[in-house]
Amino acid sequence: MPTLTLAQANTLLAAALAAARAAGHAPMAVVVLDEAGHLKAAQREDGASMFRIDIATGKAWGAVGMGVSSRVLAERAKGNPNFFTTLADTAKGRFLPQTGAVLIKDGAGRVLGAVGASGGSGDEDEAICIAGVVAAGLVAA
């Protein structure tokens, strides 16, 4: 089974943060998790608040755990708030259904992990995640 390498994760991180700088976003944090939700790589830019890593992790963890982007999870949460509140409690706070994380897939569509960001709006966070995934030669979903 293919796995996300540390080199790919680091390429993804660097490209995501470069995209944030190019767009003029506030200081960001980016977290890359493997297919089992374990940390592969993370960075928090100078000036990013102390919560950014935790928020980015929660977005990515939810995405990889549920098999969809955090944008999809945020939409689903609107229609079923009780389930998503219970899920967040069950996950001991690691699950955050807010826009800003995408799945990382290989060319065959296999999930390799997820990347989440925090520091901008949800749309900004998601955009830098996608930029990072594409720069690493992988597929964002």
# chains A, B, ... in the order shown; residues from 1 in each chain; ligands from 1
>>> select_by_dssp(residues="chain A", states="helix (DSSP H, G or I)", output="PyMOL selection string")
chain A and resi 6-23+52-66+70-79+81-90+122-135
>>> select_by_dssp(residues="chain A", states="strand (DSSP E)", output="PyMOL selection string")
chain A and resi 29-34+39-44+101-105+111-118+139-140
>>> residues_around(residues="range 98-111 of chain A", least_positions_apart="2", cutoff="9 Å", atoms="only C-alpha atoms", output="PyMOL selection string")
chain A and resi 1-4+34-35+56-64+67-75+96+113-118+120-130+133+137-141
>>> atom_distance(atom1="CA of Val134 in chain A", atom2="CA of Arg76 in chain A")
25.7 Å
>>> atom_distance(atom1="CA of Ala19 in chain A", atom2="CA of Ala131 in chain A")
6.7 Å
>>> residues_around(residues="range 22-28 of chain A", least_positions_apart="6", cutoff="6 Å", atoms="only C-alpha atoms", output="compact mmCIF listing (two decimals) with C-alpha atoms, in the first residue's frame")
# COMPACT_ATOMS: atom_id res chain seq x y z
CA GLU A 45 4.96 30.42 11.16
CA GLY A 47 3.53 35.22 14.69
CA ALA A 48 0.86 32.51 14.33
CA SER A 118 -5.14 27.53 10.19
CA GLY A 119 -4.48 31.25 10.31
>>> closest_residue(among="A:Leu13, A:Ile55, A:Ala136, A:Ala20", to="Ala42 in chain A", atoms="only C-alpha atoms")
A:Leu13
